[in-house]
Structures are given as C-alpha cells and as structure tokens.
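Colleague: The structure file data_6.cif (mmCIF, C-alpha atoms and all ligand atoms) is provided below.
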```
data_input
loop_
_atom_site.label_atom_id
_atom_site.label_comp_id
_atom_site.auth_asym_id
_atom_site.auth_seq_id
_atom_site.Cartn_x
_atom_site.Cartn_y
_atom_site.Cartn_z
CA MET A 884 88.69 144.80 91.05
CA THR A 885 87.13 148.19 91.70
CA CYS A 886 86.59 150.43 88.69
CA GLY A 887 86.08 153.77 90.36
CA ARG A 888 86.13 155.54 93.69
CA ASP A 889 83.05 156.49 95.61
CA ALA A 890 82.51 157.85 99.12
CA GLY A 891 82.07 154.25 100.38
CA GLY A 892 85.47 153.30 98.96
CA TYR A 893 87.22 156.19 100.70
CA ALA A 894 85.40 155.47 103.98
CA ALA A 895 86.44 151.80 103.80
CA ASP A 896 90.09 152.75 103.13
CA MET A 897 90.03 155.19 106.05
CA LEU A 898 88.51 152.58 108.36
CA ARG A 899 91.18 150.13 107.21
CA SER A 900 93.91 152.62 108.20
CA VAL A 901 92.38 153.13 111.64
CA ILE A 902 92.16 149.37 112.28
CA LEU A 903 95.73 148.80 111.09
CA ALA A 904 96.94 151.52 113.46
CA ALA A 905 94.97 149.78 116.25
CA ALA A 906 96.77 146.53 115.40
CA ARG A 907 99.82 148.02 117.12
CA SER A 908 98.06 149.40 120.20
CA SER A 909 98.33 147.41 123.42
CA LYS A 910 95.40 149.36 124.95
CA ILE A 911 93.08 148.26 122.14
CA GLU A 912 94.57 144.76 122.30
CA ARG A 913 93.32 144.49 125.91
CA LEU A 914 89.84 145.70 124.90
CA VAL A 915 89.60 143.33 121.94
CA GLY A 916 91.01 140.41 123.93
CA THR A 917 88.10 140.51 126.37
CA ALA A 918 85.26 141.21 123.88
CA PRO A 919 82.73 138.35 123.58
CA VAL A 920 82.74 138.47 119.76
CA THR A 921 86.50 137.93 119.63
CA ARG A 922 86.42 134.23 120.48
CA SER A 923 84.30 133.25 117.47
CA LEU A 924 86.36 135.44 115.14
CA VAL A 925 89.59 133.89 116.38
CA ARG A 926 88.10 130.43 115.85
CA ARG A 927 87.25 131.34 112.27
CA TYR A 928 90.75 132.52 111.33
CA VAL A 929 93.07 130.60 113.69
CA ALA A 930 93.47 126.80 113.79
CA GLY A 931 93.98 126.54 117.56
CA GLU A 932 96.62 127.21 120.17
CA THR A 933 98.90 124.17 120.10
CA THR A 934 101.14 122.20 117.76
CA ALA A 935 98.62 119.36 117.99
CA HIS A 936 95.83 121.67 116.74
CA ALA A 937 98.01 122.79 113.81
CA VAL A 938 98.89 119.21 112.86
CA ALA A 939 95.25 118.08 113.12
CA THR A 940 94.11 120.92 110.84
CA THR A 941 96.84 120.05 108.35
CA ARG A 942 95.67 116.45 108.30
CA THR A 943 92.10 117.52 107.54
CA LEU A 944 93.25 119.85 104.76
CA ALA A 945 95.47 117.14 103.25
CA ALA A 946 92.51 114.75 103.20
CA ASP A 947 90.70 117.35 101.07
CA GLY A 948 93.62 117.59 98.63
CA LEU A 949 94.85 120.93 100.03
CA LEU A 950 98.45 121.87 100.78
CA ALA A 951 99.26 123.93 103.87
CA THR A 952 101.75 126.40 105.26
CA LEU A 953 101.76 126.70 109.06
CA ASP A 954 102.40 129.97 110.87
CA TYR A 955 103.14 130.05 114.59
CA LEU A 956 101.59 133.39 115.54
CA GLY A 957 103.76 136.12 117.03
CA GLU A 958 105.56 139.20 115.73
CA ASP A 959 107.65 142.22 116.73
CA THR A 960 109.46 140.29 119.45
CA VAL A 961 111.85 142.41 121.53
CA VAL A 962 112.67 139.68 124.05
CA VAL A 963 115.47 137.26 123.16
CA GLU A 964 113.92 134.37 125.12
CA GLN A 965 110.68 134.78 123.17
CA ALA A 966 112.56 134.67 119.86
CA ASP A 967 114.28 131.46 121.00
CA ALA A 968 110.94 129.99 122.08
CA THR A 969 109.48 130.75 118.63
CA ARG A 970 112.40 128.97 116.95
CA ASP A 971 111.94 125.99 119.29
CA GLU A 972 108.22 125.83 118.47
CA TYR A 973 109.01 125.63 114.74
CA LEU A 974 111.62 122.91 115.34
CA GLY A 975 109.04 120.88 117.30
CA LEU A 976 106.38 121.51 114.66
CA LEU A 977 108.64 120.32 111.83
CA ALA A 978 109.53 117.17 113.78
CA ALA A 979 105.81 116.52 114.31
CA LEU A 980 105.03 117.02 110.60
CA LYS A 981 107.83 114.64 109.69
CA GLY A 982 106.64 112.06 112.26
CA GLU A 983 103.05 112.27 110.98
CA GLY A 984 104.10 111.95 107.33
CA LEU A 985 102.63 115.40 106.55
CA ALA A 986 105.79 117.24 105.52
CA GLY A 987 105.21 116.43 101.84
CA SER A 988 102.09 118.61 101.72
CA THR A 989 103.01 121.18 104.37
CA GLU A 990 105.63 123.88 104.66
CA VAL A 991 106.03 126.57 107.34
CA SER A 992 105.74 130.37 107.20
CA VAL A 993 108.00 132.37 109.47
CA LYS A 994 108.07 136.04 110.47
CA LEU A 995 111.60 137.31 111.04
CA SER A 996 110.30 139.86 113.57
CA ALA A 997 109.15 136.91 115.70
CA LEU A 998 112.74 135.63 115.59
CA GLY A 999 114.14 138.93 116.85
CA GLN A 1000 114.79 140.87 113.61
CA ARG A 1001 114.08 144.15 115.41
CA ILE A 1002 116.61 143.31 118.14
CA ASP A 1003 119.37 142.05 115.84
CA PRO A 1004 118.79 140.91 112.21
CA GLU A 1005 121.84 138.65 112.43
CA LEU A 1006 120.34 136.65 115.28
CA ALA A 1007 117.03 136.40 113.42
CA TYR A 1008 119.00 135.04 110.45
CA ASP A 1009 120.69 132.42 112.67
CA ARG A 1010 117.36 131.23 114.06
CA ALA A 1011 115.77 131.18 110.59
CA ARG A 1012 118.70 129.11 109.33
CA GLU A 1013 118.07 126.52 112.04
CA ILE A 1014 114.41 126.35 111.02
CA CYS A 1015 115.36 125.97 107.33
CA ALA A 1016 117.75 123.12 108.23
CA ALA A 1017 115.01 121.37 110.23
CA ALA A 1018 112.58 121.85 107.32
CA ALA A 1019 115.08 120.31 104.90
CA ASP A 1020 115.56 117.40 107.29
CA ALA A 1021 111.78 116.91 107.43
CA GLY A 1022 111.54 117.08 103.61
CA THR A 1023 109.86 120.46 103.31
CA THR A 1024 110.59 124.18 102.99
CA VAL A 1025 110.15 127.55 104.66
CA THR A 1026 108.62 130.79 103.37
CA ILE A 1027 109.68 133.99 105.11
CA ASP A 1028 106.63 136.26 105.55
CA MET A 1029 106.97 139.93 104.65
CA GLU A 1030 106.14 142.59 107.23
CA ASP A 1031 106.06 146.38 106.92
CA HIS A 1032 108.24 148.32 104.46
CA THR A 1033 110.85 149.25 107.08
CA VAL A 1034 112.10 145.64 106.98
CA THR A 1035 111.66 144.83 103.26
CA ASP A 1036 115.35 145.16 102.36
CA SER A 1037 116.57 143.39 105.50
CA THR A 1038 114.08 140.54 104.94
CA LEU A 1039 114.97 140.05 101.27
CA GLU A 1040 118.68 140.07 102.13
CA ILE A 1041 118.16 137.40 104.77
CA VAL A 1042 116.10 135.26 102.36
CA GLN A 1043 118.92 135.59 99.82
CA ARG A 1044 121.44 134.32 102.37
CA LEU A 1045 119.14 131.47 103.49
CA ARG A 1046 118.82 130.41 99.85
CA GLU A 1047 122.58 129.81 99.63
CA ASP A 1048 122.13 126.61 101.69
CA HIS A 1049 118.39 126.14 101.18
CA PRO A 1050 117.53 127.35 97.65
CA ALA A 1051 113.81 126.60 98.02
CA THR A 1052 113.34 129.13 100.83
CA GLY A 1053 110.43 131.32 99.75
CA ALA A 1054 110.09 135.12 99.89
CA VAL A 1055 106.96 137.27 99.93
CA LEU A 1056 106.46 140.38 97.77
CA GLN A 1057 103.61 142.83 98.37
CA ALA A 1058 101.88 144.36 95.34
CA TYR A 1059 100.95 147.53 97.25
CA LEU A 1060 104.61 148.60 97.40
CA ARG A 1061 105.69 150.73 94.45
CA ARG A 1062 109.00 148.84 94.25
CA THR A 1063 107.45 145.37 93.92
CA GLU A 1064 107.10 145.05 90.14
CA ASP A 1065 110.89 145.53 89.89
CA ASP A 1066 111.44 143.11 92.79
CA CYS A 1067 109.33 140.49 90.98
CA LYS A 1068 111.50 140.82 87.87
CA THR A 1069 114.68 140.54 89.96
CA HIS A 1070 113.50 137.52 91.93
CA ALA A 1071 111.85 135.49 89.14
CA VAL A 1072 114.94 133.32 88.77
CA PRO A 1073 115.31 129.50 88.63
CA ASP A 1074 114.38 127.72 91.91
CA SER A 1075 113.01 130.88 93.55
CA ARG A 1076 109.64 130.62 95.26
CA ILE A 1077 107.84 133.95 95.44
CA ARG A 1078 104.54 134.46 97.24
CA LEU A 1079 102.74 137.47 95.77
CA CYS A 1080 100.17 139.13 98.04
CA LYS A 1081 98.53 142.57 98.05
CA GLY A 1082 100.08 143.56 101.41
CA ALA A 1083 98.48 143.85 104.84
CA TYR A 1084 100.19 146.72 106.70
CA LYS A 1085 99.52 150.45 107.00
CA GLU A 1086 102.05 152.03 104.66
CA PRO A 1087 102.73 155.66 103.68
CA GLU A 1088 101.92 156.96 100.21
CA SER A 1089 105.62 157.56 99.54
CA VAL A 1090 106.23 153.80 99.32
CA ALA A 1091 102.82 152.22 98.70
CA TYR A 1092 99.79 152.60 96.47
CA GLN A 1093 96.83 153.72 98.58
CA ARG A 1094 93.88 153.06 96.24
CA SER A 1095 92.73 149.45 95.87
CA LEU A 1096 92.51 149.93 92.10
CA ASP A 1097 96.22 150.81 91.94
CA VAL A 1098 97.13 147.85 94.17
CA ASP A 1099 95.14 145.50 91.92
CA ARG A 1100 96.81 146.88 88.78
CA SER A 1101 100.21 146.44 90.39
CA TYR A 1102 99.26 142.85 91.34
CA VAL A 1103 98.50 142.10 87.67
CA ARG A 1104 101.85 143.54 86.52
CA CYS A 1105 103.57 141.43 89.18
CA ILE A 1106 101.72 138.26 88.05
CA ASN A 1107 103.01 138.97 84.53
CA ALA A 1108 106.59 139.37 85.76
CA LEU A 1109 106.50 136.20 87.86
CA MET A 1110 104.76 134.03 85.25
CA ALA A 1111 107.17 135.25 82.55
CA GLY A 1112 110.15 134.42 84.77
CA GLU A 1113 111.73 131.12 85.74
CA GLY A 1114 110.75 130.85 89.40
CA TYR A 1115 107.75 129.27 91.11
CA PRO A 1116 104.97 131.87 91.62
CA MET A 1117 102.70 131.47 94.65
CA LEU A 1118 99.65 133.68 94.07
CA ALA A 1119 98.30 134.50 97.52
CA THR A 1120 94.93 136.17 97.04
CA HIS A 1121 91.21 135.57 97.55
CA ASP A 1122 90.33 138.05 94.82
CA PRO A 1123 88.33 136.20 92.13
CA ARG A 1124 89.43 138.55 89.32
CA LEU A 1125 93.12 138.12 90.17
CA ILE A 1126 92.75 134.34 90.42
CA GLU A 1127 91.23 134.27 86.92
CA ILE A 1128 94.03 136.50 85.62
CA GLY A 1129 96.58 134.16 87.23
CA ILE A 1130 95.04 131.16 85.44
CA ASP A 1131 94.97 133.09 82.17
CA ARG A 1132 98.62 134.20 82.43
CA ALA A 1133 99.78 130.68 83.29
CA ARG A 1134 98.19 129.53 80.01
CA TRP A 1135 99.69 132.46 78.14
CA TYR A 1136 103.19 131.62 79.41
CA ASP A 1137 102.61 127.91 78.78
CA ARG A 1138 103.00 126.91 82.41
CA GLY A 1139 101.69 123.57 83.66
CA LYS A 1140 99.52 123.43 86.78
CA GLU A 1141 102.49 122.05 88.76
CA SER A 1142 104.64 125.12 88.01
CA PHE A 1143 102.80 127.58 90.27
CA GLU A 1144 100.29 127.55 93.11
CA PHE A 1145 97.45 129.50 94.67
CA GLN A 1146 97.43 130.34 98.36
CA MET A 1147 94.62 131.52 100.65
CA LEU A 1148 94.20 132.09 104.35
CA TYR A 1149 92.56 129.55 106.65
CA GLY A 1150 88.87 130.38 107.07
CA ILE A 1151 88.58 132.59 103.99
CA ARG A 1152 86.77 131.34 100.86
CA PRO A 1153 87.09 127.63 101.82
CA THR A 1154 84.72 126.54 99.03
CA GLU A 1155 86.87 128.30 96.45
CA GLN A 1156 89.94 126.57 97.89
CA LEU A 1157 88.30 123.18 97.31
CA ARG A 1158 87.12 124.17 93.82
CA LEU A 1159 90.62 125.14 92.68
CA ALA A 1160 92.10 121.94 94.15
CA ALA A 1161 89.41 119.86 92.41
CA GLU A 1162 90.37 121.52 89.12
CA GLY A 1163 93.91 120.26 89.60
CA TYR A 1164 95.56 123.48 90.79
CA ARG A 1165 98.01 123.38 93.67
CA MET A 1166 96.10 125.14 96.46
CA ARG A 1167 97.91 125.95 99.70
CA VAL A 1168 96.15 127.16 102.84
CA TYR A 1169 98.00 129.45 105.26
CA VAL A 1170 97.16 128.12 108.72
CA PRO A 1171 98.00 130.32 111.74
CA TYR A 1172 98.01 128.85 115.24
CA GLY A 1173 99.11 129.90 118.72
CA ASP A 1174 97.81 132.41 121.25
CA GLN A 1175 99.44 135.58 119.85
CA TRP A 1176 96.57 136.17 117.41
CA TYR A 1177 95.88 139.89 117.97
CA GLY A 1178 97.92 141.51 115.14
CA TYR A 1179 96.89 138.77 112.71
CA LEU A 1180 93.17 139.12 113.55
CA MET A 1181 93.25 142.91 113.23
CA ARG A 1182 94.80 142.68 109.74
CA ARG A 1183 91.99 140.28 108.73
CA MET A 1184 89.41 142.75 110.10
CA ALA A 1185 90.96 145.59 108.12
CA GLU A 1186 90.57 143.61 104.89
CA ARG A 1187 86.83 143.16 105.20
CA PRO A 1188 84.61 146.14 106.05
CA ALA A 1189 81.66 143.75 106.64
CA ASN A 1190 83.59 141.93 109.42
CA LEU A 1191 84.67 145.26 110.79
CA ALA A 1192 81.16 146.58 111.20
CA VAL A 1193 80.04 143.56 113.26
CA PHE A 1194 83.21 143.69 115.31
CA ALA A 1195 83.09 147.43 116.01
CA ARG A 1196 79.39 147.24 116.99
CA SER A 1197 80.04 144.52 119.53
CA LEU A 1198 83.01 146.39 121.04
CA TRP A 1199 80.82 149.48 121.32
CA THR A 1200 78.03 147.51 123.03
CA LYS A 1201 80.51 146.13 125.52
CA SER A 1202 82.06 149.47 126.54
C1 LIG A 1301 98.69 132.75 101.89
C2 LIG A 1301 98.77 134.21 102.22
C3 LIG A 1301 99.91 134.70 102.81
C4 LIG A 1301 100.03 136.06 103.10
N1 LIG A 1301 101.21 136.54 103.58
C5 LIG A 1301 101.35 137.87 103.74
C6 LIG A 1301 102.60 138.44 104.10
O1 LIG A 1301 103.62 137.75 104.30
N2 LIG A 1301 102.67 139.79 104.23
C7 LIG A 1301 101.59 140.61 104.02
O2 LIG A 1301 101.73 141.82 104.11
N3 LIG A 1301 100.39 140.08 103.70
C8 LIG A 1301 100.24 138.75 103.56
N4 LIG A 1301 99.02 138.24 103.20
C9 LIG A 1301 97.80 139.11 103.27
C10 LIG A 1301 97.57 139.84 101.98
O3 LIG A 1301 98.56 140.83 101.80
C11 LIG A 1301 96.18 140.52 101.95
O4 LIG A 1301 96.08 141.42 103.00
C12 LIG A 1301 95.02 139.55 102.04
O5 LIG A 1301 95.28 138.36 101.34
C13 LIG A 1301 93.75 140.17 101.43
O6 LIG A 1301 93.98 140.50 100.08
P1 LIG A 1301 93.27 139.75 98.85
O7 LIG A 1301 94.30 139.58 97.80
O8 LIG A 1301 92.61 138.52 99.29
O9 LIG A 1301 92.25 140.82 98.27
P2 LIG A 1301 91.05 141.62 98.93
O10 LIG A 1301 90.67 142.64 97.90
O11 LIG A 1301 91.37 142.08 100.30
O12 LIG A 1301 89.93 140.52 99.04
C14 LIG A 1301 89.30 139.90 97.92
C15 LIG A 1301 88.10 139.12 98.41
O13 LIG A 1301 88.52 138.07 99.30
C16 LIG A 1301 87.64 137.94 100.40
N5 LIG A 1301 88.36 138.32 101.62
C17 LIG A 1301 89.58 138.94 101.70
N6 LIG A 1301 89.95 139.10 102.99
C18 LIG A 1301 88.94 138.60 103.74
C19 LIG A 1301 88.74 138.48 105.14
N7 LIG A 1301 89.66 138.90 106.02
N8 LIG A 1301 87.60 137.90 105.58
C20 LIG A 1301 86.69 137.44 104.69
N9 LIG A 1301 86.82 137.53 103.35
C21 LIG A 1301 87.92 138.10 102.88
C22 LIG A 1301 86.49 138.87 100.12
O14 LIG A 1301 85.53 138.16 99.38
C23 LIG A 1301 87.13 139.94 99.25
O15 LIG A 1301 86.21 140.62 98.46
C24 LIG A 1301 98.91 136.91 102.86
C25 LIG A 1301 97.76 136.40 102.26
C26 LIG A 1301 97.68 135.08 101.93
C27 LIG A 1301 96.44 134.58 101.24
#
```
Could you show the structure in this file as structure tokens?

Modeller:
Amino acid sequence: MTCGRDAGGYAADMLRSVILAAARSSKIERLVGTAPVTRSLVRRYVAGETTAHAVATTRTLAADGLLATLDYLGEDTVVVEQADATRDEYLGLLAALKGEGLAGSTEVSVKLSALGQRIDPELAYDRAREICAAAADAGTTVTIDMEDHTVTDSTLEIVQRLREDHPATGAVLQAYLRRTEDDCKTHAVPDSRIRLCKGAYKEPESVAYQRSLDVDRSYVRCINALMAGEGYPMLATHDPRLIEIGIDRARWYDRGKESFEFQMLYGIRPTEQLRLAAEGYRMRVYVPYGDQWYGYLMRRMAERPANLAVFARSLWTKS
C-alpha cells in the first residue's frame, strides 16, 4: 500500500490512464499486434489459443494444488454470431473439463459483454444461463466478470437472476468504485460468491477513487464487509499487504480456510500462488485463453509501470 503521493505516483497513474484509453483503440491494437515484444508478453499472461491449451494448463495447475477459473478472451461484442460463438466455446470447454475430470477444481469466468450485453442484455442473460446450466451439469460454477461502471447495475441484476436457478453463480465487485463497500454489504449473504478486485478500467472521478491509496483503503473496508458477512469471499489481488489483511480478517471473523479463497492472474506472482496453496489456503488462478487478448493484455500493462516501460520502448523502436 502506498503511504503518500510523489511525482512518480502521479506519472504512473497518468500513464495508466493513457494505456487504458489505448485498450479501446483499434489503431493501437494493430500496432501492438505486430510488435515483436508482444508475443512474449502474451505468452506470459495467456495460456494459449485453444480449448486444449486451457485444459492442459488447468491440469498442470491442479497437479500443483491450485484451483483455476478459465476465461475465453473476448469483450464488447457487437456481432450476434460472435456472442453465440463465445457461448458455444464455453459449452465445449465445460464438456472438456467434465470429460477430463477437472471440473472439481476449475470454474469458468464469463464477460457479459462477450455474450452481447451491449447489443441486448436479455440475450446476454439467455446465453449466460445456458453456460451456468452446462457448468452445473459438469459439477462446477460460473463467475461473471465485472467490466466498466456503465454496466455495473445491469451485470449485478443479471447475476441476481442467474442465481435464482444457480445460486453459486459468482459476481465481481471492484474496490475502486465508490459504491462498492455498500455493494459488499448487500451481497454478503448466504451462498453468494463475491470476487473482490481493485478494478481494471479507466473510470471517472465521479464514480471511482483515483488514488491508489484510496483504492487500497476501500479494498480493506470491502474485505471487512465480506468477511463479516455470510457469503464466500474470493479475494482477487496480488498485493502482499492486502493478502496479509485478508488472512488477518479471516482469523478475526473466525473463518476456516475453506470458507474463502485467494485468486490471482495466470503469470503473475506464481511463487506466491504456490506458497499460499502450500499453507492450505484455497488459491485459484484466473487463466485466460483465446486469440482476443488485446484488451486483457493492455489492462495488465496498465497495472505495472515496469512492464509498460519495456513495452513502450519496444513499440517506439519499431515505429
Ligand atoms: C482473479 C482475478 C480476477 C479479476 N477480475 C476482474 C474483473 O472481473 N474486473 C476487473 O475490473 N478487474 C478484474 N481483475 C483485475 C484487478 O481489478 C486488478 O486490476 C489487478 O488484479 C491488479 O490489482 P492488484 O490487486 O493485484 O494490485 P496492484 O496494486 O495492481 O498490484 C500489486 C502487486 O502485484 C503485482 N502485479 C500486479 N499486476 C501485475 C502485472 N500486470 N504484472 C506483474 N505484476 C503485477 C506487482 O508486484 C504489484 O506491486 C481481476 C484480478 C484477478 C486477480
């Protein structure tokens, strides 16, 4: 956690905003897609392009005592056929996990915008419901990822409806949003599964904390609300201070290690993932796969100024 603000902190936040804006630019997508450095970065953060790659990675993680949640990359779909294809990919993936006996340790993460939420939320709901039914048939669950604040209400409403038939369907709350502490209190009910993350999108000050210190403070208040409640908290962070606070609060609220979990992204702090699993914590790795990696990769770049510097230098050299 940062304890003050210096010029470096402001510069990093500004750089982060620029990169997040670039995450939605098709011009920059073309430039990044052909840069030599991109391939190795994609390999670091993305498990591969196919269902087989995703399943193989899951098997390796399971052998190390790690749980997984698989994300078929893609977002902001405005083409109905593409939304259908995304649903079909998840249905095939869930059948493969069931067939391989991996569904016990692996769930799936789904973005409603990849299922057509921006075309028609009702159709996205229908497709998500089919995925939830397939997950239940395979013996696992679904977590609905959270995207930018313009879809927070719509996404939470859809999760609520999915939970009527599939109560274990998970939601994601983002600590950078000013509303989230209240949302945590509202959603910390029996059977609910809530993934708490800091938040990865470029958001205006009117709805989101801008300083990392304020986001971290909000994250701690949200941990308190979730741990005090009756749901199943999923603490999605790589931040060592917040992980320690999570462990401390679980003790404070007398929660066993099976009553919550930690989550981290594939390729980030893998040694820490193994350490937490070895200590008996439930540790789930978010594993993205597929060829639509651009938006995902850019959000990972924005989180880490050190990655950004290498990346920007190599783009500059190329142009
Ligand atoms: C399982 C999971 C699911 C998520 N789902 C969502 C979602 O649905 N919606 C959403 O908005 N966001 C989601 N996120 C992203 C999240 O909001 C943050 O952007 C991201 O996790 C970075 O925040 P942090 O808590 O790790 O803290 P940070 O302060 O960003 O990072 C803490 C430390 O972790 C390490 N680290 C963090 N990021 C990187 C990186 N990219 N490369 C290398 N090291 C790094 C560094 O050591 C850093 O100092 C998810 C994150 C996880 C782990």

Colleague: Using only C-alpha atoms, which protein or nucleic acid residues come within 6 Å of region 1148-1155 of chain A? Drop anything in the same chain fewer than 6 positions from it, and give the result as a ChimeraX atom specification.

Modeller: /A:927-928,1168-1170

Colleague: Which residue gives the smallest distance to ligand LIG 1301 (chain A) among A:Ile1130, A:Leu953, A:Ala1071, A:Val962, with only C-alpha atoms and all ligand atoms counted?

Modeller: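 Of the candidates, the smallest distance to ligand LIG 1301 (chain A) is held by A:Leu953.
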
Colleague: Calculated over all atoms listed in the file, which of the candidates A:Leu949, A:Leu977, A:Leu944, A:Ile1041 has the smallest distance to Lys994 (chain A)?

Modeller: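 Closest to Lys994 (chain A) of all the choices is A:Ile1041.
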
Colleague: Around ligand LIG 1301 (chain A), which protein and nucleic acid residues have at least one atom no more than 7 Å from it, if we count only C-alpha atoms and all ligand atoms? List them as an MDAnalysis selection string.

Modeller: chainID A and resid 1028:1031 1055 1057 1080:1084 1119:1123 1146:1148 1151:1152 1168:1169 1182:1184 1186:1187 1190

Colleague: Neighbourhood query: residues within 8 Å of (111.5, 136.1, 90.3), file coordinates, counting all atoms listed in the file; return as a list in words.

Modeller: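 All residues meeting the 8 Å criterion around (111.5, 136.1, 90.3) are Asp1066, Cys1067, Lys1068, Thr1069, His1070, Ala1071, Val1072, Pro1073, Ser1075, Arg1076, Ile1077, Ala1108, Leu1109, Gly1112, Glu1113, Gly1114, Tyr1115 and Pro1116 of chain A.
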
Colleague: Can I get region 966-995 of chain A with N, CA and C atoms filled in, as an mmCIF file, in the coordinates of the input?

Modeller:
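Saved file rebuild.cif follows:
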```cif
data_model
loop_
_atom_site.group_PDB
_atom_site.id
_atom_site.type_symbol
_atom_site.label_atom_id
_atom_site.label_comp_id
_atom_site.auth_asym_id
_atom_site.auth_seq_id
_atom_site.Cartn_x
_atom_site.Cartn_y
_atom_site.Cartn_z
ATOM 1 N N ALA A 966 112.087 135.022 121.203
ATOM 2 C CA ALA A 966 112.560 134.670 119.860
ATOM 3 C C ALA A 966 113.069 133.224 119.846
ATOM 4 N N ASP A 967 113.787 132.844 120.904
ATOM 5 C CA ASP A 967 114.280 131.460 121.000
ATOM 6 C C ASP A 967 113.105 130.475 121.112
ATOM 7 N N ALA A 968 112.098 130.879 121.893
ATOM 8 C CA ALA A 968 110.940 129.990 122.080
ATOM 9 C C ALA A 968 110.204 129.796 120.746
ATOM 10 N N THR A 969 110.138 130.865 119.939
ATOM 11 C CA THR A 969 109.480 130.750 118.630
ATOM 12 C C THR A 969 110.249 129.770 117.743
ATOM 13 N N ARG A 970 111.581 129.923 117.723
ATOM 14 C CA ARG A 970 112.400 128.970 116.950
ATOM 15 C C ARG A 970 112.133 127.539 117.417
ATOM 16 N N ASP A 971 112.127 127.334 118.751
ATOM 17 C CA ASP A 971 111.940 125.990 119.290
ATOM 18 C C ASP A 971 110.567 125.422 118.895
ATOM 19 N N GLU A 972 109.558 126.285 118.875
ATOM 20 C CA GLU A 972 108.220 125.830 118.470
ATOM 21 C C GLU A 972 108.262 125.312 117.030
ATOM 22 N N TYR A 973 108.925 126.077 116.140
ATOM 23 C CA TYR A 973 109.010 125.630 114.740
ATOM 24 C C TYR A 973 109.778 124.310 114.625
ATOM 25 N N LEU A 974 110.839 124.159 115.414
ATOM 26 C CA LEU A 974 111.620 122.910 115.340
ATOM 27 C C LEU A 974 110.735 121.728 115.765
ATOM 28 N N GLY A 975 109.954 121.939 116.834
ATOM 29 C CA GLY A 975 109.040 120.880 117.300
ATOM 30 C C GLY A 975 107.958 120.599 116.267
ATOM 31 N N LEU A 976 107.439 121.661 115.669
ATOM 32 C CA LEU A 976 106.380 121.510 114.660
ATOM 33 C C LEU A 976 106.891 120.693 113.473
ATOM 34 N N LEU A 977 108.090 121.026 113.006
ATOM 35 C CA LEU A 977 108.640 120.320 111.830
ATOM 36 C C LEU A 977 108.892 118.847 112.150
ATOM 37 N N ALA A 978 109.346 118.580 113.391
ATOM 38 C CA ALA A 978 109.530 117.170 113.780
ATOM 39 C C ALA A 978 108.185 116.450 113.787
ATOM 40 N N ALA A 979 107.151 117.142 114.271
ATOM 41 C CA ALA A 979 105.810 116.520 114.310
ATOM 42 C C ALA A 979 105.295 116.251 112.896
ATOM 43 N N LEU A 980 105.500 117.205 111.990
ATOM 44 C CA LEU A 980 105.030 117.020 110.600
ATOM 45 C C LEU A 980 105.737 115.832 109.958
ATOM 46 N N LYS A 981 107.053 115.754 110.241
ATOM 47 C CA LYS A 981 107.830 114.640 109.690
ATOM 48 C C LYS A 981 107.289 113.307 110.257
ATOM 49 N N GLY A 982 107.111 113.282 111.581
ATOM 50 C CA GLY A 982 106.640 112.060 112.260
ATOM 51 C C GLY A 982 105.273 111.616 111.749
ATOM 52 N N GLU A 983 104.421 112.587 111.412
ATOM 53 C CA GLU A 983 103.050 112.270 110.980
ATOM 54 C C GLU A 983 102.953 112.034 109.472
ATOM 55 N N GLY A 984 104.115 112.149 108.782
ATOM 56 C CA GLY A 984 104.100 111.950 107.330
ATOM 57 C C GLY A 984 103.375 113.067 106.586
ATOM 58 N N LEU A 985 103.352 114.287 107.177
ATOM 59 C CA LEU A 985 102.630 115.400 106.550
ATOM 60 C C LEU A 985 103.549 116.429 105.902
ATOM 61 N N ALA A 986 104.867 116.211 106.009
ATOM 62 C CA ALA A 986 105.790 117.240 105.520
ATOM 63 C C ALA A 986 105.735 117.385 103.997
ATOM 64 N N GLY A 987 105.283 116.349 103.306
ATOM 65 C CA GLY A 987 105.210 116.430 101.840
ATOM 66 C C GLY A 987 104.193 117.469 101.372
ATOM 67 N N SER A 988 103.143 117.674 102.161
ATOM 68 C CA SER A 988 102.090 118.610 101.720
ATOM 69 C C SER A 988 102.113 119.907 102.517
ATOM 70 N N THR A 989 103.052 120.026 103.447
ATOM 71 C CA THR A 989 103.010 121.180 104.370
ATOM 72 C C THR A 989 104.366 121.828 104.528
ATOM 73 N N GLU A 990 104.420 123.127 104.356
ATOM 74 C CA GLU A 990 105.630 123.880 104.660
ATOM 75 C C GLU A 990 105.326 124.788 105.848
ATOM 76 N N VAL A 991 106.306 125.626 106.252
ATOM 77 C CA VAL A 991 106.030 126.570 107.340
ATOM 78 C C VAL A 991 106.300 128.002 106.880
ATOM 79 N N SER A 992 105.541 128.933 107.448
ATOM 80 C CA SER A 992 105.740 130.370 107.200
ATOM 81 C C SER A 992 106.285 131.006 108.465
ATOM 82 N N VAL A 993 107.302 131.825 108.300
ATOM 83 C CA VAL A 993 108.000 132.370 109.470
ATOM 84 C C VAL A 993 108.122 133.886 109.350
ATOM 85 N N LYS A 994 107.849 134.592 110.447
ATOM 86 C CA LYS A 994 108.070 136.040 110.470
ATOM 87 C C LYS A 994 109.410 136.320 111.144
ATOM 88 N N LEU A 995 110.285 137.036 110.449
ATOM 89 C CA LEU A 995 111.600 137.310 111.040
ATOM 90 C C LEU A 995 111.466 138.167 112.302
#
```
